[in-house]
file input-v2.cif (mmCIF, N, CA and C atoms)
data_entry
loop_
_atom_site.label_atom_id
_atom_site.label_comp_id
_atom_site.auth_asym_id
_atom_site.auth_seq_id
_atom_site.Cartn_x
_atom_site.Cartn_y
_atom_site.Cartn_z
N MET C 1 37.37 113.68 47.49
CA MET C 1 38.74 114.13 47.62
C MET C 1 38.83 115.12 48.78
N ALA C 2 40.01 115.35 49.23
CA ALA C 2 40.23 116.16 50.43
C ALA C 2 40.58 117.61 50.08
N PHE C 3 40.34 118.46 51.06
CA PHE C 3 40.73 119.86 51.01
C PHE C 3 41.73 120.06 52.14
N GLU C 4 42.82 120.77 51.89
CA GLU C 4 43.88 120.92 52.88
C GLU C 4 44.26 122.38 53.11
N GLN C 5 44.73 122.64 54.33
CA GLN C 5 45.31 123.93 54.70
C GLN C 5 46.45 123.68 55.67
N ARG C 6 47.45 124.53 55.63
CA ARG C 6 48.53 124.47 56.61
C ARG C 6 48.21 125.44 57.74
N ILE C 7 48.53 125.02 58.96
CA ILE C 7 48.26 125.85 60.14
C ILE C 7 49.51 125.88 61.00
N VAL C 8 49.82 127.06 61.53
CA VAL C 8 50.93 127.23 62.48
C VAL C 8 50.33 127.68 63.81
N ALA C 9 50.70 127.01 64.89
CA ALA C 9 50.20 127.35 66.22
C ALA C 9 50.85 128.66 66.68
N GLU C 10 50.02 129.64 66.96
CA GLU C 10 50.46 130.93 67.45
C GLU C 10 50.48 130.92 68.98
N ALA C 11 51.15 131.87 69.59
CA ALA C 11 51.24 131.94 71.06
C ALA C 11 49.86 131.96 71.71
N GLY C 12 48.90 132.67 71.12
CA GLY C 12 47.56 132.76 71.68
C GLY C 12 46.75 131.47 71.59
N ASP C 13 47.24 130.51 70.81
CA ASP C 13 46.56 129.22 70.68
C ASP C 13 46.95 128.25 71.80
N VAL C 14 47.99 128.60 72.52
CA VAL C 14 48.60 127.70 73.50
C VAL C 14 48.08 128.01 74.89
N ASP C 15 47.77 126.96 75.66
CA ASP C 15 47.25 127.13 77.02
C ASP C 15 48.34 126.96 78.07
N GLU C 16 47.94 126.96 79.34
CA GLU C 16 48.89 126.88 80.44
C GLU C 16 49.66 125.56 80.48
N LEU C 17 49.21 124.56 79.75
CA LEU C 17 49.93 123.29 79.67
C LEU C 17 51.03 123.32 78.61
N GLY C 18 51.09 124.42 77.84
CA GLY C 18 52.14 124.58 76.85
C GLY C 18 51.83 123.97 75.49
N HIS C 19 50.57 123.64 75.27
CA HIS C 19 50.19 123.10 73.95
C HIS C 19 48.88 123.73 73.48
N VAL C 20 48.56 123.50 72.22
CA VAL C 20 47.35 124.07 71.63
C VAL C 20 46.14 123.60 72.44
N ASN C 21 45.32 124.56 72.84
CA ASN C 21 44.13 124.29 73.64
C ASN C 21 43.08 123.55 72.81
N ASN C 22 42.33 122.66 73.46
CA ASN C 22 41.30 121.88 72.76
C ASN C 22 40.28 122.77 72.04
N ALA C 23 39.94 123.91 72.64
CA ALA C 23 38.98 124.82 72.00
C ALA C 23 39.54 125.38 70.70
N VAL C 24 40.85 125.55 70.63
CA VAL C 24 41.49 126.04 69.40
C VAL C 24 41.38 124.98 68.31
N TRP C 25 41.61 123.71 68.67
CA TRP C 25 41.45 122.65 67.67
C TRP C 25 40.04 122.67 67.08
N VAL C 26 39.03 122.88 67.93
CA VAL C 26 37.64 122.93 67.44
C VAL C 26 37.45 124.14 66.51
N ARG C 27 38.05 125.28 66.87
CA ARG C 27 37.98 126.45 65.98
C ARG C 27 38.63 126.12 64.63
N TRP C 28 39.77 125.45 64.66
CA TRP C 28 40.43 125.07 63.41
C TRP C 28 39.57 124.10 62.60
N ILE C 29 38.86 123.21 63.26
CA ILE C 29 37.94 122.31 62.57
C ILE C 29 36.89 123.13 61.81
N GLN C 30 36.33 124.12 62.48
CA GLN C 30 35.34 124.97 61.83
C GLN C 30 35.96 125.79 60.71
N ASP C 31 37.18 126.30 60.93
CA ASP C 31 37.84 127.12 59.91
C ASP C 31 38.08 126.34 58.62
N ILE C 32 38.57 125.11 58.73
CA ILE C 32 38.83 124.35 57.50
C ILE C 32 37.53 123.91 56.84
N ALA C 33 36.52 123.59 57.65
CA ALA C 33 35.22 123.24 57.07
C ALA C 33 34.65 124.42 56.27
N THR C 34 34.75 125.60 56.84
CA THR C 34 34.26 126.81 56.15
C THR C 34 35.05 127.08 54.88
N ALA C 35 36.37 126.94 54.95
CA ALA C 35 37.20 127.16 53.76
C ALA C 35 36.86 126.15 52.66
N HIS C 36 36.66 124.90 53.05
CA HIS C 36 36.29 123.88 52.07
C HIS C 36 34.94 124.21 51.42
N TRP C 37 33.98 124.60 52.26
CA TRP C 37 32.65 124.99 51.77
C TRP C 37 32.77 126.11 50.73
N ARG C 38 33.51 127.14 51.06
CA ARG C 38 33.63 128.29 50.14
C ARG C 38 34.38 127.92 48.87
N HIS C 39 35.30 126.98 48.97
CA HIS C 39 36.07 126.55 47.80
C HIS C 39 35.24 125.65 46.88
N ALA C 40 34.48 124.73 47.46
CA ALA C 40 33.83 123.69 46.67
C ALA C 40 32.42 124.03 46.21
N ALA C 41 31.69 124.81 46.99
CA ALA C 41 30.27 125.04 46.70
C ALA C 41 30.06 126.10 45.63
N PRO C 42 29.06 125.90 44.78
CA PRO C 42 28.68 126.96 43.84
C PRO C 42 28.27 128.22 44.61
N ALA C 43 28.59 129.39 44.06
CA ALA C 43 28.34 130.66 44.74
C ALA C 43 26.89 130.85 45.17
N ALA C 44 25.95 130.36 44.38
CA ALA C 44 24.53 130.52 44.74
C ALA C 44 24.23 129.85 46.08
N TYR C 45 24.86 128.71 46.35
CA TYR C 45 24.64 128.04 47.63
C TYR C 45 25.34 128.76 48.77
N VAL C 46 26.54 129.24 48.51
CA VAL C 46 27.27 129.98 49.56
C VAL C 46 26.46 131.21 49.98
N ASP C 47 25.80 131.84 49.02
CA ASP C 47 25.00 133.04 49.30
C ASP C 47 23.66 132.73 49.97
N SER C 48 23.11 131.54 49.76
CA SER C 48 21.75 131.27 50.24
C SER C 48 21.66 130.26 51.38
N CYS C 49 22.78 129.65 51.75
CA CYS C 49 22.74 128.58 52.76
C CYS C 49 23.73 128.84 53.88
N LEU C 50 23.42 128.27 55.03
CA LEU C 50 24.31 128.29 56.19
C LEU C 50 24.48 126.87 56.67
N TRP C 51 25.54 126.65 57.42
CA TRP C 51 25.77 125.34 58.03
C TRP C 51 25.89 125.53 59.53
N VAL C 52 25.33 124.60 60.27
CA VAL C 52 25.48 124.60 61.72
C VAL C 52 26.00 123.22 62.13
N VAL C 53 26.82 123.22 63.17
CA VAL C 53 27.33 121.96 63.70
C VAL C 53 26.27 121.33 64.60
N VAL C 54 26.00 120.08 64.36
CA VAL C 54 25.07 119.32 65.17
C VAL C 54 25.85 118.51 66.21
N ARG C 55 27.07 118.09 65.82
CA ARG C 55 27.86 117.26 66.71
C ARG C 55 29.33 117.30 66.32
N HIS C 56 30.20 117.36 67.35
CA HIS C 56 31.64 117.18 67.16
C HIS C 56 32.06 115.94 67.94
N GLU C 57 32.82 115.09 67.30
CA GLU C 57 33.47 113.96 67.99
C GLU C 57 34.95 114.11 67.68
N VAL C 58 35.74 114.41 68.71
CA VAL C 58 37.15 114.76 68.52
C VAL C 58 38.04 113.84 69.33
N ASP C 59 39.07 113.32 68.68
CA ASP C 59 40.10 112.53 69.36
C ASP C 59 41.38 113.36 69.37
N TYR C 60 41.85 113.71 70.57
CA TYR C 60 43.10 114.45 70.74
C TYR C 60 44.20 113.43 70.97
N LEU C 61 45.08 113.28 69.99
CA LEU C 61 46.04 112.19 70.00
C LEU C 61 47.46 112.61 70.35
N ARG C 62 47.83 113.84 70.04
CA ARG C 62 49.21 114.28 70.22
C ARG C 62 49.21 115.80 70.38
N ALA C 63 49.98 116.28 71.35
CA ALA C 63 50.05 117.72 71.62
C ALA C 63 50.80 118.45 70.51
N LEU C 64 50.50 119.75 70.39
CA LEU C 64 51.20 120.63 69.46
C LEU C 64 51.56 121.89 70.22
N GLY C 65 52.83 122.25 70.21
CA GLY C 65 53.30 123.41 70.95
C GLY C 65 53.35 124.66 70.10
N PRO C 66 53.76 125.78 70.72
CA PRO C 66 53.85 127.04 69.99
C PRO C 66 54.80 126.92 68.80
N GLY C 67 54.37 127.45 67.67
CA GLY C 67 55.17 127.38 66.45
C GLY C 67 55.04 126.06 65.72
N GLY C 68 54.34 125.10 66.33
CA GLY C 68 54.15 123.80 65.68
C GLY C 68 53.31 123.95 64.42
N ARG C 69 53.58 123.10 63.47
CA ARG C 69 52.88 123.16 62.18
C ARG C 69 52.14 121.86 61.92
N VAL C 70 50.92 122.00 61.42
CA VAL C 70 50.12 120.85 61.02
C VAL C 70 49.48 121.14 59.68
N THR C 71 49.14 120.07 59.00
CA THR C 71 48.31 120.18 57.81
C THR C 71 46.93 119.68 58.20
N ALA C 72 45.93 120.53 58.02
CA ALA C 72 44.54 120.17 58.27
C ALA C 72 43.98 119.63 56.96
N ARG C 73 43.32 118.49 57.06
CA ARG C 73 42.75 117.85 55.87
C ARG C 73 41.31 117.49 56.18
N THR C 74 40.39 117.85 55.30
CA THR C 74 38.98 117.54 55.52
C THR C 74 38.36 116.98 54.25
N TRP C 75 37.35 116.15 54.47
CA TRP C 75 36.59 115.60 53.35
C TRP C 75 35.23 115.13 53.83
N VAL C 76 34.33 115.01 52.87
CA VAL C 76 32.99 114.46 53.11
C VAL C 76 33.00 113.09 52.47
N ALA C 77 32.95 112.06 53.30
CA ALA C 77 33.12 110.70 52.80
C ALA C 77 31.84 110.08 52.26
N ASP C 78 30.70 110.43 52.85
CA ASP C 78 29.44 109.77 52.50
C ASP C 78 28.40 110.81 52.07
N PRO C 79 27.46 110.42 51.23
CA PRO C 79 26.41 111.34 50.80
C PRO C 79 25.61 111.87 52.00
N PRO C 80 25.06 113.07 51.87
CA PRO C 80 24.24 113.63 52.94
C PRO C 80 23.00 112.79 53.21
N ARG C 81 22.49 112.95 54.41
CA ARG C 81 21.22 112.35 54.81
C ARG C 81 20.27 113.51 55.10
N GLY C 82 19.44 113.83 54.14
CA GLY C 82 18.55 114.98 54.30
C GLY C 82 19.35 116.27 54.35
N ALA C 83 19.28 116.97 55.48
CA ALA C 83 20.00 118.23 55.65
C ALA C 83 21.40 118.01 56.23
N ARG C 84 21.74 116.79 56.61
CA ARG C 84 22.98 116.53 57.36
C ARG C 84 24.00 115.71 56.59
N PHE C 85 25.26 115.97 56.93
CA PHE C 85 26.34 115.11 56.47
C PHE C 85 27.47 115.15 57.49
N ASP C 86 28.28 114.11 57.44
CA ASP C 86 29.45 114.03 58.32
C ASP C 86 30.68 114.47 57.56
N ARG C 87 31.50 115.24 58.25
CA ARG C 87 32.76 115.72 57.70
C ARG C 87 33.88 115.13 58.55
N ILE C 88 34.90 114.61 57.90
CA ILE C 88 36.08 114.10 58.59
C ILE C 88 37.16 115.18 58.52
N VAL C 89 37.87 115.37 59.64
CA VAL C 89 38.97 116.33 59.69
C VAL C 89 40.14 115.66 60.39
N GLU C 90 41.33 115.78 59.81
CA GLU C 90 42.54 115.27 60.45
C GLU C 90 43.61 116.36 60.41
N PHE C 91 44.38 116.42 61.48
CA PHE C 91 45.51 117.35 61.60
C PHE C 91 46.78 116.52 61.74
N THR C 92 47.67 116.63 60.76
CA THR C 92 48.88 115.82 60.71
C THR C 92 50.10 116.73 60.82
N GLY C 93 51.06 116.35 61.67
CA GLY C 93 52.28 117.12 61.84
C GLY C 93 53.23 116.94 60.67
N GLU C 94 54.29 117.75 60.68
CA GLU C 94 55.28 117.68 59.61
C GLU C 94 55.97 116.32 59.56
N ASP C 95 55.97 115.61 60.68
CA ASP C 95 56.59 114.29 60.73
C ASP C 95 55.63 113.18 60.30
N GLY C 96 54.42 113.55 59.90
CA GLY C 96 53.44 112.58 59.45
C GLY C 96 52.57 112.01 60.56
N ALA C 97 52.84 112.39 61.82
CA ALA C 97 52.06 111.88 62.95
C ALA C 97 50.73 112.62 63.05
N LEU C 98 49.69 111.87 63.35
CA LEU C 98 48.35 112.43 63.50
C LEU C 98 48.21 113.06 64.89
N HIS C 99 47.80 114.33 64.93
CA HIS C 99 47.61 115.05 66.19
C HIS C 99 46.16 115.00 66.66
N VAL C 100 45.23 115.26 65.74
CA VAL C 100 43.81 115.30 66.08
C VAL C 100 43.02 114.71 64.92
N ARG C 101 41.99 113.96 65.27
CA ARG C 101 41.06 113.41 64.28
C ARG C 101 39.66 113.75 64.75
N ALA C 102 38.79 114.18 63.84
CA ALA C 102 37.43 114.55 64.23
C ALA C 102 36.44 114.10 63.17
N CYS C 103 35.25 113.80 63.63
CA CYS C 103 34.10 113.58 62.76
C CYS C 103 33.05 114.57 63.24
N THR C 104 32.65 115.48 62.38
CA THR C 104 31.66 116.47 62.75
C THR C 104 30.43 116.32 61.86
N THR C 105 29.28 116.49 62.46
CA THR C 105 28.02 116.42 61.72
C THR C 105 27.50 117.84 61.55
N TRP C 106 27.21 118.19 60.32
CA TRP C 106 26.74 119.52 59.97
C TRP C 106 25.33 119.42 59.40
N ALA C 107 24.54 120.46 59.62
CA ALA C 107 23.20 120.54 59.03
C ALA C 107 23.11 121.81 58.20
N MET C 108 22.49 121.70 57.04
CA MET C 108 22.33 122.82 56.12
C MET C 108 21.04 123.57 56.42
N LEU C 109 21.14 124.89 56.49
CA LEU C 109 19.98 125.75 56.74
C LEU C 109 19.79 126.71 55.58
N ASP C 110 18.54 127.01 55.30
CA ASP C 110 18.21 128.08 54.37
C ASP C 110 18.52 129.40 55.09
N LYS C 111 19.33 130.25 54.49
CA LYS C 111 19.76 131.49 55.14
C LYS C 111 18.59 132.41 55.43
N ALA C 112 17.61 132.49 54.55
CA ALA C 112 16.48 133.41 54.72
C ALA C 112 15.55 132.98 55.86
N SER C 113 15.30 131.68 55.99
CA SER C 113 14.33 131.22 56.99
C SER C 113 14.98 130.60 58.23
N SER C 114 16.27 130.28 58.15
CA SER C 114 16.99 129.57 59.22
C SER C 114 16.42 128.17 59.47
N ARG C 115 15.76 127.61 58.48
CA ARG C 115 15.17 126.27 58.61
C ARG C 115 16.07 125.25 57.89
N PRO C 116 16.11 124.03 58.40
CA PRO C 116 16.89 122.99 57.73
C PRO C 116 16.38 122.76 56.31
N MET C 117 17.31 122.44 55.42
CA MET C 117 16.93 122.12 54.05
C MET C 117 17.75 120.94 53.56
N ARG C 118 17.12 120.12 52.76
CA ARG C 118 17.79 118.96 52.19
C ARG C 118 18.95 119.43 51.31
N VAL C 119 20.09 118.75 51.41
CA VAL C 119 21.24 119.09 50.58
C VAL C 119 20.93 118.67 49.15
N PRO C 120 20.90 119.64 48.22
CA PRO C 120 20.60 119.31 46.82
C PRO C 120 21.67 118.38 46.21
N PRO C 121 21.28 117.52 45.28
CA PRO C 121 22.24 116.56 44.70
C PRO C 121 23.47 117.21 44.07
N ASP C 122 23.30 118.35 43.39
CA ASP C 122 24.46 118.98 42.76
C ASP C 122 25.44 119.52 43.80
N LEU C 123 24.92 119.99 44.93
CA LEU C 123 25.80 120.46 46.00
C LEU C 123 26.50 119.28 46.67
N ALA C 124 25.77 118.21 46.89
CA ALA C 124 26.38 117.00 47.46
C ALA C 124 27.52 116.52 46.57
N ALA C 125 27.30 116.54 45.27
CA ALA C 125 28.34 116.10 44.33
C ALA C 125 29.57 117.00 44.40
N ALA C 126 29.36 118.30 44.55
CA ALA C 126 30.49 119.23 44.64
C ALA C 126 31.32 118.97 45.90
N LEU C 127 30.66 118.63 47.00
CA LEU C 127 31.38 118.37 48.24
C LEU C 127 32.05 117.01 48.24
N LEU C 128 31.41 116.03 47.63
CA LEU C 128 31.94 114.67 47.60
C LEU C 128 33.00 114.46 46.52
N ASP C 129 32.87 115.18 45.43
CA ASP C 129 33.73 114.94 44.27
C ASP C 129 34.70 116.07 44.01
N GLU C 130 35.26 116.62 45.07
CA GLU C 130 36.26 117.67 44.93
C GLU C 130 37.37 117.15 44.01
N PRO C 131 37.71 117.87 42.93
CA PRO C 131 38.65 117.33 41.95
C PRO C 131 40.07 117.12 42.46
N ARG C 132 40.59 117.97 43.37
CA ARG C 132 41.95 117.80 43.88
C ARG C 132 42.12 118.63 45.15
N PRO C 133 43.05 118.22 45.99
CA PRO C 133 43.32 119.00 47.19
C PRO C 133 43.87 120.37 46.84
N VAL C 134 43.56 121.34 47.64
CA VAL C 134 44.09 122.69 47.51
C VAL C 134 44.82 122.99 48.80
N LEU C 135 46.09 123.34 48.71
CA LEU C 135 46.89 123.60 49.89
C LEU C 135 47.09 125.09 50.03
N ARG C 136 46.63 125.64 51.15
CA ARG C 136 46.76 127.09 51.40
C ARG C 136 47.40 127.28 52.75
N SER C 137 48.12 128.37 52.89
CA SER C 137 48.70 128.64 54.20
C SER C 137 48.21 129.95 54.77
#

call {"tool": "encode", "arguments": {"input": "input-v2.cif", "output": "structure tokens"}}
result
Amino acid sequence: MAFEQRIVAEAGDVDELGHVNNAVWVRWIQDIATAHWRHAAPAAYVDSCLWVVVRHEVDYLRALGPGGRVTARTWVADPPRGARFDRIVEFTGEDGALHVRACTTWAMLDKASSRPMRVPPDLAAALLDEPRPVLRS
């Protein structure tokens, strides 16, 4: 199931072209991934593990101007492979049009050693089987 947040483009998010800068979209991808992690994961994992991005694949489909609103939606569609899993993120405007779509690959690290660690089955289940979307603004 998906995790959702509402986002409003602030003046500082907008570049000289008059729309949200690509780097801001990537920051928003990280922000919703982090929020989903903190919402879905058991506290023991949040305290003992870190995530690092291994890869971002981003499709910029439609511009968003200052004051524009989108709903960011993320989910983990497939079980992890060792320490890694892919996260899907989509940003949809109030009119239902898709602005940005991304697939990001994350790797789990042990916080104490900074070494990759296999995603435990119970954590994978928590990320894959989120009971319902949570909408926050």

call {"tool": "resolve_selection", "arguments": {"input": "input-v2.cif", "expression": "the PyMOL selection byres ((chain C and resi 25-31) around 8)", "output": "ChimeraX atom specification"}}
result
/C:13,20-24,32-37,72,89-90,100,102

call {"tool": "write_last_selection", "arguments": {"input": "input-v2.cif", "atoms": "N, CA and C atoms", "output": "mmCIF file, keeping the file's coordinate frame"}}
result
data_model
loop_
_atom_site.group_PDB
_atom_site.id
_atom_site.type_symbol
_atom_site.label_atom_id
_atom_site.label_comp_id
_atom_site.auth_asym_id
_atom_site.auth_seq_id
_atom_site.Cartn_x
_atom_site.Cartn_y
_atom_site.Cartn_z
ATOM 1 N N ASP C 13 47.240 130.510 70.810
ATOM 2 C CA ASP C 13 46.560 129.220 70.680
ATOM 3 C C ASP C 13 46.950 128.250 71.800
ATOM 4 N N VAL C 20 48.560 123.500 72.220
ATOM 5 C CA VAL C 20 47.350 124.070 71.630
ATOM 6 C C VAL C 20 46.140 123.600 72.440
ATOM 7 N N ASN C 21 45.320 124.560 72.840
ATOM 8 C CA ASN C 21 44.130 124.290 73.640
ATOM 9 C C ASN C 21 43.080 123.550 72.810
ATOM 10 N N ASN C 22 42.330 122.660 73.460
ATOM 11 C CA ASN C 22 41.300 121.880 72.760
ATOM 12 C C ASN C 22 40.280 122.770 72.040
ATOM 13 N N ALA C 23 39.940 123.910 72.640
ATOM 14 C CA ALA C 23 38.980 124.820 72.000
ATOM 15 C C ALA C 23 39.540 125.380 70.700
ATOM 16 N N VAL C 24 40.850 125.550 70.630
ATOM 17 C CA VAL C 24 41.490 126.040 69.400
ATOM 18 C C VAL C 24 41.380 124.980 68.310
ATOM 19 N N ILE C 32 38.570 125.110 58.730
ATOM 20 C CA ILE C 32 38.830 124.350 57.500
ATOM 21 C C ILE C 32 37.530 123.910 56.840
ATOM 22 N N ALA C 33 36.520 123.590 57.650
ATOM 23 C CA ALA C 33 35.220 123.240 57.070
ATOM 24 C C ALA C 33 34.650 124.420 56.270
ATOM 25 N N THR C 34 34.750 125.600 56.840
ATOM 26 C CA THR C 34 34.260 126.810 56.150
ATOM 27 C C THR C 34 35.050 127.080 54.880
ATOM 28 N N ALA C 35 36.370 126.940 54.950
ATOM 29 C CA ALA C 35 37.200 127.160 53.760
ATOM 30 C C ALA C 35 36.860 126.150 52.660
ATOM 31 N N HIS C 36 36.660 124.900 53.050
ATOM 32 C CA HIS C 36 36.290 123.880 52.070
ATOM 33 C C HIS C 36 34.940 124.210 51.420
ATOM 34 N N TRP C 37 33.980 124.600 52.260
ATOM 35 C CA TRP C 37 32.650 124.990 51.770
ATOM 36 C C TRP C 37 32.770 126.110 50.730
ATOM 37 N N ALA C 72 45.930 120.530 58.020
ATOM 38 C CA ALA C 72 44.540 120.170 58.270
ATOM 39 C C ALA C 72 43.980 119.630 56.960
ATOM 40 N N VAL C 89 37.870 115.370 59.640
ATOM 41 C CA VAL C 89 38.970 116.330 59.690
ATOM 42 C C VAL C 89 40.140 115.660 60.390
ATOM 43 N N GLU C 90 41.330 115.780 59.810
ATOM 44 C CA GLU C 90 42.540 115.270 60.450
ATOM 45 C C GLU C 90 43.610 116.360 60.410
ATOM 46 N N VAL C 100 45.230 115.260 65.740
ATOM 47 C CA VAL C 100 43.810 115.300 66.080
ATOM 48 C C VAL C 100 43.020 114.710 64.920
ATOM 49 N N ALA C 102 38.790 114.180 63.840
ATOM 50 C CA ALA C 102 37.430 114.550 64.230
ATOM 51 C C ALA C 102 36.440 114.100 63.170
#

call {"tool": "residues_around", "arguments": {"input": "input-v2.cif", "residues": "Leu123 (chain C)", "least_positions_apart": "3", "cutoff": "12 Å", "atoms": "only C-alpha atoms", "output": "list in words"}}
result
Trp37, Arg38, Ala40, Ala41, Pro42, Ala43, Ala44, Tyr45, Val46, Cys49, Val76, Pro79, Pro80, Ala83, Phe85, Met108, Arg118, Val119, Pro120, Ala126, Leu127, Leu128, Asp129 and Glu130 of chain C

call {"tool": "axis_aligned_box", "arguments": {"input": "input-v2.cif", "around": "region 12-22 of chain C", "padding_each_side": "3 Å", "output": "AutoDock Vina command-line options"}}
result
--center_x 46.2 --center_y 127.3 --center_z 75.6 --size_x 17.9 --size_y 16.9 --size_z 15.8

call {"tool": "select_by_dssp", "arguments": {"input": "input-v2.cif", "residues": "region 74-127 of chain C", "states": "strand (DSSP E)", "output": "list in words"}}
result
Thr74, Trp75, Arg84, Phe85, Asp86, Arg87, Ile88, Val89, Glu90, Phe91, Thr92, Gly93, Leu98, His99, Val100, Arg101, Ala102, Cys103, Thr104, Thr105, Trp106, Ala107, Met108, Leu109 and Asp110 of chain C

call {"tool": "closest_residue", "arguments": {"input": "input-v2.cif", "among": "C:Arg62, C:Met117, C:Phe3, C:Ala112", "to": "Thr74 (chain C)", "atoms": "all atoms listed in the file"}}
result
C:Phe3

call {"tool": "atom_distance", "arguments": {"input": "input-v2.cif", "atom1": "CA of Ala77 (chain C)", "atom2": "CA of Asp110 (chain C)"}}
result
23.0 Å

call {"tool": "decode", "arguments": {"input": "input-v2.cif", "residues": "region 103-114 of chain C", "atoms": "N, CA and C atoms", "output": "CSV table (one decimal), in the first residue's frame"}}
result
chain,number,residue,atom,x,y,z
C,103,CYS,N,11.7,6.0,-9.7
C,103,CYS,CA,12.1,4.7,-9.1
C,103,CYS,C,13.4,4.9,-8.5
C,104,THR,N,13.5,4.7,-7.2
C,104,THR,CA,14.8,4.9,-6.5
C,104,THR,C,15.2,3.6,-5.8
C,105,THR,N,16.4,3.3,-5.9
C,105,THR,CA,16.9,2.1,-5.2
C,105,THR,C,17.7,2.5,-4.0
C,106,TRP,N,17.3,1.9,-2.9
C,106,TRP,CA,17.8,2.2,-1.6
C,106,TRP,C,18.6,1.0,-1.0
C,107,ALA,N,19.6,1.2,-0.2
C,107,ALA,CA,20.3,0.1,0.4
C,107,ALA,C,20.3,0.4,2.0
C,108,MET,N,20.1,-0.6,2.7
C,108,MET,CA,20.0,-0.6,4.2
C,108,MET,C,21.4,-0.8,4.8
C,109,LEU,N,21.7,0.1,5.7
C,109,LEU,CA,23.0,0.0,6.4
C,109,LEU,C,22.8,-0.1,7.9
C,110,ASP,N,23.7,-0.9,8.5
C,110,ASP,CA,23.7,-0.9,10.0
C,110,ASP,C,24.3,0.4,10.5
C,111,LYS,N,23.5,1.1,11.3
C,111,LYS,CA,23.9,2.4,11.8
C,111,LYS,C,25.3,2.4,12.5
C,112,ALA,N,25.6,1.4,13.3
C,112,ALA,CA,26.8,1.3,14.1
C,112,ALA,C,28.0,1.1,13.2
C,113,SER,N,27.9,0.3,12.2
C,113,SER,CA,29.1,-0.1,11.4
C,113,SER,C,29.1,0.6,10.0
C,114,SER,N,28.0,1.1,9.6
C,114,SER,CA,27.8,1.7,8.3
C,114,SER,C,28.0,0.7,7.2
